[in-house]
Structure formats: structure tokens, C-alpha cells
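Report on the structure given below.
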Amino acid sequence: MRVTALNRKLLREAWRARGQMISIALVVACGIMTVVMMRSTSESLAASQIAYYRQYQFADLFASLVRAPTSLAARLGEIEGVAAVDPRVVLEVNLDVPGLDEPAQGRLVSIPPGGPRLNRVHLVEGRFPEANRGDEVVISSAFSNANSLELGATIGAVVNGRWERLRIVGIGMSPEYVYEVSAGQIFPDNRRFGILWMDRTALAAAAGMTGSFNDIAVRLARGANPDAVIDELDRFLEGYGSLGAYDRDRQLSHRILTDELESNRISGTVIPAIFLAVAAFLLHIVLSRLVRTQREQIAVLKAFGYSNIEIGRHFLHFALVAVVIGALVGTGVGTWLGRLLLELYRDFFQFPQLYYRVSWFLVAMAIAVSAGAAVLGALSAVRSAVRLPPAEAMRPEAPTHFRPGLIERSGIGRILSPIGRMIIRSLDRQPMRAALSALAVALAISILLVGSFMFDAVSYMADLQFRTIQREDLTVLFNTPKEASARHDLANLEGVSRVEVFRSVPVRLDAGHRSRQLALTGLGSGSQLRRILDTDLIRYEVAEDGVLLSRMLADIVGVSVGDTLHLKILEGRQPERRLPVAGVVEETLGLNAYMEIGALNRLMREAPTISGAYLRVDERQRTEIFERLKRMPAIAGVAARENVLENFEFQLEQNLLLSMTILVLFAGVIAVGVIYNGARIALSERGRELASLRVLGFTKREIAVILFGEQTTVTALGIPIGFLIGLFFVRAILGAFANENYRIPLVVTSSTYAFAAIVAISAALFAGLLVRRRLNRLDLIEVLKTRE
């Protein structure tokens, strides 16, 4: 009978406090949703990568060179630790795509009939090119979708200086190009860059490389030492213009995918941990205060003979009702959102299939944390109540002290109205309750900042990189280095108003045992179209007697200003040089190294030579300029700054900002739930006192001002504290997103602070309206009676 009676009481109390129970359940749900959504997305992407690599034989090592005889491949296959070698011809080409004004860039990759052994091509539809057919290609699925290219369509291409028409006979994807991006770029532009697979014999003939190859993919034997195999490959390929063999970690697609997975793994741990910890702490505060309002009922239950264990179990069940509801909602909605986010990755990473995985262990951990916080909050309040004799517990808690508070002792209280003094006294006499309430508001504010700061940071990155640093309209890349006089051919194009050239040379930077391979860029002094600026908009000039490094690159190779770097040039005769570090610049995108272009030409011991140019053009003549550039055999690719910016914003909006939007919604729900519960519990805690004031002649408006004044003061105190806590969390999160591709700066604008404050204030006003309705219905006689 006792259990049945307590269960009926549980249902009655849960229904009476349904508004609070729902808000508590939403706080729990948001914490669990964050864990499930972010962690399941990260783990599913990693599982899909492993499955794809294994099934389609993604190579372990790669190397690019100028030219080597096909017979060398057999000797490479005899190197100890090598299981398979796939020699290939790879050629960068300029494409004329139907419906696209500007020229696109393509990468032709040779494949044997029936497809390659390594980096196998998954055919989405169609077939492989027939042997010796130089007019048939398989194009990448991303390129096909972006340009609405179907089987049978044709595209124009400048192949080794000759204009060709290529017919699409298949559409596919390969693990080598999960992230399909051109060399030197960070974000994909699937409309203007694509992979094309052509028959090996036909492509070798078209490229003038019959009987030769210029690229290899290698699979290692089980247990092989990658570094030892790389050293042997470099020894064999040294005389063939090799840029140096490298493993998967330096393969562009794999590196970007791995960086994304690592960022997801860390952010999928840090951000959910912050949300769940905040939700659990707030749950503890809310439930402990909520149960404390049941003090007199606990005493009545003790008087009727219920044991402390039975009472504790009853209130434990009361607390767990909200947790169970929140856990069910959080797990279900979090799983759905995780699937949604995983599908969004199809726009950036090309997988034949994405496998969705949920770590039920993590779900169980998240639920356990929430349940533990609820149990601690409920039992801590019950424990203090059951210690008292029933007769004493039935009376309201006595005020802690009656001496004048700090405000009154300072004299400030004399200038306040009587109601103002009552508000200050109430807060001063319950400092712990006021502090915890302010902390609850502060934590709610802090996760609003965590969820919304990314919008500011990404907007700042886009403005800095694509409107302040990059000021050119077009970037033109030559297929091979050209004499500096080639700039005149570009300058003479009608509609081109300014040309600034650059030199790009592949190098390996060594500092002690650390090294990194990348492109060393030579720029002209005082360049106006491509400037070097740090995140504080301080301009750096390229040096003639040293190299300028981005901060992350300097950290990777472990050097600072004044240190000496060893450079191995991976082009031409591959000379080796030693140069001082002339400066280090804090950049947000990529790993970069700069020199003055004339100094780089002298370093290479070459005549004035350029790799490409930045152009400023007349917007009205862009189409005509594009048509001319498409037909120039010396040009390998053209990139428009506005297109790069568009792809940058699209990728971040579709991926990062969507998840941040969801987090902002979660944070808003938590903030509203916490503030609403604080107001409702304050009414329950002070119901007898407020009713007494009504009997003494205070109007409904005056007692509402007293209650709302306390809540307003607590909210006002919590907002600035929340800003500080939020900035601490943001700094911790930024490290999770930092990688070689991009570093997100710490930028939080005044509008973001205002947004967080407005959400908190709006939640307080909403809670005030709901509580005011209850105040208007306050039954003075019922409240003043001893509760049953």
C-alpha cells in the first residue's frame, strides 16, 4: 500500500509540476542530443573511410616525377616491403565544360582496361574506357553532379597543347579522391575541378609519354616499414625528377579527410562534454531546489511512518522521470540529427556508401551523467530534510540571519524603495542560493556563446582571406614554368587592367629531425593583388634574404625568426639551400612559405621565371577573357576569387555552421529551461512569504515586482559571468578545430554577446509572464495553511 500511495503521489506531483518537468527533460535531452549527434557523425565517417579504403585498395605510398621508363616499375616492385606498384600517367588539363563560362581544371589519370589494381574506381554508372580510345573518359561523380554531365556528353580539353573532345562513358569515384580538390587549394570546387580517368595507352600517347610514367601508387606488404620503403623509392627515382615519395599522411585527399575526422573527434568530445556538463550541473541545481520545496511533505511522510529509504527512493523516482523522458527524446532526435549531418558530408567527401554508427556506450554514459546529476540533486535536498524531526521540518526554514547586510551597512539601502530593500535583503540573506542561481544563468549564457561564436569567426575568416588578402579577380596557372615575359601575353588581353606574377616551387623544409613538403611562393615586393596579412591586419613584406612562414608551419618544423632552414628544391636540378627565417605570420588558411620572386629565381639559379599570375579584370569582359584563356595551351587552370569564396562559404555553412545552428538552438532551450525553472522554484520557495505580504496589504503588482526583481538581479549578475565562462570554453574549443587547412580565430562580436544576453532576458521575461499568471491565481488561505 505504501508503494502504491507514493506512486500516486509521484504521478500527482509530476503532473502538477509538468511545466518544470518538461523544461528539465528538455535540458537533459539537449545535452544527450549533442553527444549523440556529434559523436555518431564522427564515428560513422571514420567507419565509412576504413571500409572504403579496404574495399577499393587505397594505396599506402605515392610519388610524382617528370618521366621514367615503364620497365622501372618492375624494379620498384622488388623493393623489400612493396606488395604492388601501379605506374600511371597523370596530366593536368584545361577543360571547356558545357554551361560553364570560365575554364575548368581537370586531372587526367591513366587506368588499364578494366580498372586499376590500386585506388580502384567505383563505377556509379557506365563503363571503363576501351583500350586505345583517347576520346573516352570516366569522370568523377562530384564533377558530373556539379555540372549535370551525363553519359554520352562531351567536354573540350587542351591535352598536351592539342584541343580534344572527350566523351563521357562512365561516372565513378576513387578512394584517392574522397576529397576532390586541386593542388594548392583547400576547399573543393566540384564545378570547376574534376578527375577524368582515361585508358593508359591512349593517355600516354596523348601526353607524349608512350612507354613511360610520371606517377606511381604503391601498396605495402603487411608489416613493412614505410620510411624504409620511401627511402628506397627516392633512391630509385632520384634521377627521374621525383618530387619525393610520400605516405598517406601527405596525400592531399587523405590528409584533409583525416584532419576533418580528427577535428570532428575532438570537437565531438569537447563540445558535447561542455554541453553535457553544463546540463548536468544545471539539472543538479534545479532538482535540488525543486525537491527542497517539498520539505514539509517529506516531514509529513516521516510522520506517517515512511522510512528515510522509502522517501529517498520516492524523490529519486521523481527526479528520474524528467531524466528518462529527456534521455528518450535526446537519443531519438540526436540519432536523427546525426544521420542528417552525415548525409551533408556527401557534398564534400565522395563515398560509395556512408555507414551510420551510434556508440551506445557513449549514449549510456551521457544518460548516466544526467541521471547521476539528477540523483545527487534530489538526494542532497532530501538528506537535509530527513535529518530534521517531523515537527520541525513541517515549519518553513528559518532565515539564516537578521543582521543588516552589506548594502544596508554601506548606506546604499537608504536610497532604495522599501521593495528594493526587500529584494536586496532576500538575496543577501540567501547568498548561496543567489550565487547558484546566477551561476546557472551564467552557464546557460556560456553555452549560447559556444554555439554562436563560430558565425563571427567564419565571417571574419572569409572577409580577411577573400576580400582583404586576396584582391585579384582571377588566378592563372601555367602548366609548366614560363619566362617572365609571358606576363605580357596576359596583360595584352582586352579587359585585363593589372597583372602580378608569382613563382611556385615545390620544396622540402628541414629543421633538425622535422620536415615538411609544400610549395614555396615567390611574390613581388609591394604586391597589391595578393597581400600577406596576419589576423590583426598587420602587413608583412616578402624578404629577399630569407623566407616568411605561416605560424602553424613554423610550429610544425620547430623554427622561429632568425633560425636557419634547410631547403631541398624538388624541381629542375633539385639544388639544396640554407635560408634564415625572416618572419612568422599568423594566417588562418593553409601552410605557406613566401619569398621575394626575384630572390626565389636567384635561389633556383634560373632566369626570371613565373608559374602563374594574378589578374584584375573588367567585370563586363569576363566572359570574353574566359573564352580566350580556355584555348591557351600554356594554361593549366584558372580560378576566380569569387568562386573560391562561394565554395568556402558553402562548405562551412553546409557543414560547420549547420551543426553550430543546432547547438545554438540546444543552448537556447537550456537557457530558457534554466531561467524558467529558477523563476518557478523561487515562487514555490517564497509562496508563503509572498502570500503573507498580500495579507499585509501589498498589491499583486508589488509582490510581482519583488519576485521579478530578484530574478532580474540574478539574471543581470549571471550575464557578464556567462560571457567570461563562455570565452574560456571558446578558447578550449578552438584548439579542436585547428589543423593544417584552417585555423579559426577567436572572434566574438558585440552582436553575439547581445544575442546571448537577449536570449537570457527574453527567457526571464517569458518566465515572468508565466509566473505572473500563477501569482494572480494565488490562493492566500491555501498557501498560508500547513501543506498536507
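Ordered as shown in the C-alpha cells, chains take letters A, B, and onward, while each chain numbers its residues from 1 and ligands are numbered from 1 in the order shown.
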Distance table requested - segment 26-107 of chain A against segment 171-192 of chain A, cut-off 7 Å, only C-alpha atoms: one row per qualifying residue with the closest atom pair and its distance in Å to one decimal, ordered by chain and rising residue number, as a Markdown table.
| residue | atom | partner | partner_atom | distance |
| --- | --- | --- | --- | --- |
| A:Tyr52 | CA | A:Pro175 | CA | 6.7 |
| A:Tyr53 | CA | A:Pro175 | CA | 6.0 |
| A:Tyr56 | CA | A:Pro175 | CA | 6.8 |
| A:Phe58 | CA | A:Pro175 | CA | 5.8 |
| A:Ala104 | CA | A:Arg192 | CA | 4.3 |
| A:Gln105 | CA | A:Arg192 | CA | 5.9 |
Looking only at strand (DSSP E) from DSSP on the backbone, list the matching residues of segment 194-295 of chain A as number ranges by chain. A: 194-199, 212-220, 246-247
Nearest to Leu166 of chain A, chosen from A:Thr154, A:Ser504, A:Asn308, A:Thr521, with only C-alpha atoms counted in the distances: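 The shortest atom-to-atom distance to Leu166 of chain A comes from A:Thr154.
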If we count only C-alpha atoms, what is near Gly223 of chain A at a cut-off of 8 Å, once residues fewer than 2 positions away on the same chain are taken out, given as a ChimeraX atom specification? /A:81,221,225
Which residues come within 10 Å of Thr712 of chain A, counting only C-alpha atoms, excluding same-chain residues fewer than 5 positions away, as JSON, numbers by chain? {"A": [679, 705, 706, 707, 717, 718, 761, 764, 765, 768]}
Non-local contacts of segment 509-513 of chain A (7 Å; only C-alpha atoms; under 6 positions in same chain excluded) as a list in words: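 Returned residues: Val557, Gly558, Leu565, His566, Leu567 and Lys568 of chain A.
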For Arg530 of chain A, which residue among A:Ser23, A:Gln49, A:Thr475, A:Thr623 is the nearest when counting only C-alpha atoms?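 Looking at the shortest contact to Arg530 of chain A, the residue is A:Thr475.
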Between atom CA of Pro431 of chain A and atom CA of Leu690 of chain A, what is the spacing in Å?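 These two atoms are separated by 19.5 Å.
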For Ala491 of chain A: contacts at 12 Å, only C-alpha atoms, fewer than 6 positions along chain excluded, given as a PyMOL selection string: chain A and resi 476+484-485+497-501+613-617+625
